[in-house]
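One structure below.
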There are 2 protein chains.
Amino acid sequence: MSQDNLPKERPLVPEEGGNITRRIVDQLGRAIVAGDYAERMLPIEAELSDRFSASRSVTREAIKMLTAKGLISSRPRHGTSVAPEGQWNFLDPDVLRWLLSRGLSLDLLAEFTAFRSAIEPQAAMLAIRRGDHKALEAIEAAIEMMERVDPHDRPASLSADIDFHVAILLASGNRFMVQCRDLVETALRFSIQLTDLEKGVDVADIEAHRVIANAILAGDAARAVSATRDLLNEAAMLIERARKASG
Amino acid sequence: MSQDNLPKERPLVPEEGGNITRRIVDQLGRAIVAGDYAERMLPIEAELSDRFSASRSVTREAIKMLTAKGLISSRPRHGTSVAPEGQWNFLDPDVLRWLLSRGLSLDLLAEFTAFRSAIEPQAAMLAIRRGDHKALEAIEAAIEMMERVDPHDRPASLSADIDFHVAILLASGNRFMVQCRDLVETALRFSIQLTDLEKGVDVADIEAHRVIANAILAGDAARAVSATRDLLNEAAMLIERARKASG
DNA sequence: ATTGTCTATTTATCATATAAATGCAATATC
DNA sequence: GATATTGCATTTATATGATAAATAGACAAT
């Protein structure tokens, strides 16, 4: 019963977020996924320490954290190098955030949307099967918030949108899907930059969300699945259009 | 084009796998997910170092790696404690392995199978849509290996089974689904303990895999999706039966 | 009861030294 | 000349000891 879902107050951009280790992890992580060290080795520990004006211990701890996320690997005498992309932990919220922040990569956003197209419809189905009253009420509360909020208040709209999708993931009761919470939040926070450009879709968007909520609350699994899939297909098309527009 | 998919030669059980840090990470990680420190704090760094006969630096680096996986968090004067389960990175291969190894928890295996039920059918669909010849050939090669291998050779059968599912994930071309590779491998390596108990399902199992392969190679998305879903439902039922049997 | 201060404890950081691993070149051996 | 061996240099891995920063909890003051 450890449904302990405190919101993390960790800042989205911890450039200066408290301790030095965290700062190095963030800056190095960004640089690595941006491809800065795709060909060459990372600087040796001593130089990295200099560059970040930190002690070697702190630098090493940061390196270990990045290693834990699959981004790099170290060998004595050889140095530290970026791991092949196949070993990166794409499903780590930090890694995803760094990936998306390297210039709003539409390719990756499209792939993640396809991933969501797999997860969220199933989560909706599981939510129905599980039938946790509290969790279902949270979905209803989230959709009502979406409908109530001022559509011109972008941050509030975004939060409501995120809360809705997260509520479905939580209601699934599946810990792996719940884990996708941070990922979905991260991705949505970036994709807002897209929908900001495309105006006028908001009303239709909220209605599409309402359809999902109603289907879940009515226990109509088939409709919940198809409605969720429709919504994400719509998002995918939006991304596709942006991709074609930008090149 | 960084399709660099070298198999990691990292041992599945790195109790003695080389460096001290890795050993501490593994032992502590196991203990944490097993609930050993669910109520109390972790020992202070000095004591942990003593317990593992390691220096404080190494202990701290191990702690940082576990922090990176969301398992623990530290605060000055307060100590280090296990993070709420909602913050654990369930989608990290190490974490999943530690979770499953705490006594083959059937609940978690069931949840992961539900997760796979979301991912793998979509991956099969994407594989068709993408139509990468090399990747599709790998699927055919994998299913042929499954059919060819001696069914009594359990390790070989398991490897072939894993390779088949991994081939589909790879063929999807979706980096988030590809990332599930290690997770699926880990889960399958544990679930073999179940199927070992239930004999006689193997032939039917291979046929079910063949149906999936044929559907994908024929470009029949609908059939590929439903066949994959069927296979995983079968696995889910197997787990459910084992769960009822054991309590 | 609230607020401020002080103290002890623990993590965070720094600095330095030594060990272990290993790529590479020089050397020895055949 | 080809190949195996050895030694050196470089880098991470580990150890050690010290100081800084943060803060929970006790205590004092208001």
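Residues are named by chain letter and number: chains run A, B, ... in the order of the structure tokens, numbers start at 1 in each chain, and ligands are numbered from 1 in the order shown.
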
* To do: Going by DSSP on the backbone, which bits of segment 17-216 of chain A are helix (DSSP H, G or I)? Write them as a VMD selection string, please.
  => chain A and resid 20 to 33 45 to 51 56 to 68 85 to 87 93 to 101 106 to 130 133 to 148 154 to 172 175 to 197 202 to 216

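All chain B residues having an atom within 6 Å of chain C, based on only C-alpha atoms (C1' of nucleotides), amount to Pro76, Arg77 and Gly79 of chain B.
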
Write a file of the selected residues as a short mmCIF file (atom, residue, chain, number, x, y, z; two decimals), in the first residue's frame, keeping C-alpha atoms.
```cif
data_model
loop_
_atom_site.label_atom_id
_atom_site.label_comp_id
_atom_site.auth_asym_id
_atom_site.auth_seq_id
_atom_site.Cartn_x
_atom_site.Cartn_y
_atom_site.Cartn_z
CA PRO B 76 23.01 16.13 5.70
CA ARG B 77 22.53 15.44 9.39
CA GLY B 79 21.17 10.38 6.86
#
```

* Return the neighbours of chain D among the residues of chain A, cut-off 10 Å, counting only C-alpha atoms (C1' of nucleotides), as a ChimeraX atom specification. => /A:44-46,60,74-80

* Give me, as a ChimeraX atom specification, the contact residues of chain B against chain A at a cut-off of 6 Å, counting only C-alpha atoms. => /B:4-5,61,64-65,68,111,118-119,122,174

Let me see the file: selected residues, N, CA and C atoms, as a tab-separated table (two decimals), in the first residue's frame.
```
chain	number	residue	atom	x	y	z
B	4	ASP	N	24.13	0.66	-32.59
B	4	ASP	CA	25.26	-0.06	-32.04
B	4	ASP	C	24.78	-0.99	-30.92
B	5	ASN	N	24.46	-2.20	-31.29
B	5	ASN	CA	23.82	-3.06	-30.30
B	5	ASN	C	24.71	-4.21	-29.86
B	61	GLU	N	30.20	6.57	-3.72
B	61	GLU	CA	29.94	6.42	-5.15
B	61	GLU	C	28.83	5.41	-5.39
B	64	LYS	N	25.62	7.06	-4.59
B	64	LYS	CA	25.22	7.96	-5.67
B	64	LYS	C	24.58	7.20	-6.83
B	65	MET	N	25.10	6.03	-7.13
B	65	MET	CA	24.53	5.25	-8.23
B	65	MET	C	23.11	4.80	-7.88
B	68	ALA	N	20.88	7.65	-8.27
B	68	ALA	CA	20.57	7.90	-9.68
B	68	ALA	C	19.45	7.00	-10.17
B	111	GLU	N	2.59	-7.85	-13.26
B	111	GLU	CA	2.51	-6.45	-13.69
B	111	GLU	C	3.42	-6.21	-14.89
B	118	ALA	N	1.34	-4.22	-23.36
B	118	ALA	CA	1.16	-2.91	-23.99
B	118	ALA	C	2.24	-2.68	-25.05
B	119	ILE	N	3.47	-3.01	-24.73
B	119	ILE	CA	4.60	-2.65	-25.58
B	119	ILE	C	4.72	-3.56	-26.81
B	122	GLN	N	2.46	-3.35	-29.99
B	122	GLN	CA	2.74	-2.11	-30.72
B	122	GLN	C	4.07	-2.20	-31.43
B	174	ASN	N	11.85	1.94	-32.50
B	174	ASN	CA	11.51	2.94	-31.49
B	174	ASN	C	12.45	2.79	-30.30
```

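Here atom CA of Ser157 of chain A and atom CA of His133 of chain A stand 24.9 Å from one another.
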
* Asked: With only C-alpha atoms as the atoms that count, which of B:Arg210, B:Arg56, B:Arg154, B:Arg189 lies nearest to Glu140 of chain B?
  -> B:Arg210

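Nearest to Asn19 of chain B of all the residues B:Ala54, B:Glu47, B:Trp98, B:Ala167 is B:Ala54, counting only C-alpha atoms.
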
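Interatomic distance, atom CA of Ile72 of chain B against atom CA of Phe164 of chain A: 27.9 Å.
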
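Atom CA of Gly103 of chain A is found 23.0 Å from atom CA of Asn233 of chain A.
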
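For segment 10-208 of chain A, backbone-based DSSP labels the following residues as strand (DSSP E): Ile72, Ser73, Ser74, Arg75, Gly79, Thr80, Ser81 and Val82 of chain A.
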
Please, could you write that set of residues out with C-alpha atoms as a PDB file, in the first residue's frame?
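Output file again_12.pdb is given in full below:
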```pdb
ATOM      1  CA  ILE A  72      29.103   6.435 -19.998  1.00  0.00           C
ATOM      2  CA  SER A  73      31.609   3.818 -18.995  1.00  0.00           C
ATOM      3  CA  SER A  74      35.111   4.069 -17.605  1.00  0.00           C
ATOM      4  CA  ARG A  75      38.216   1.940 -17.810  1.00  0.00           C
ATOM      5  CA  GLY A  79      39.506   6.947 -19.772  1.00  0.00           C
ATOM      6  CA  THR A  80      35.769   7.584 -19.749  1.00  0.00           C
ATOM      7  CA  SER A  81      33.734   7.471 -22.915  1.00  0.00           C
ATOM      8  CA  VAL A  82      30.132   7.758 -23.978  1.00  0.00           C
TER       9      VAL A  82
END
```

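The shell of residues at most 9 Å from segment 150-152 of chain A, with only C-alpha atoms (C1' of nucleotides) counted and near chain neighbours (fewer than 4 positions) removed, consists of Met146, Ala156, Ser157, Asp202 and Val203 of chain A.
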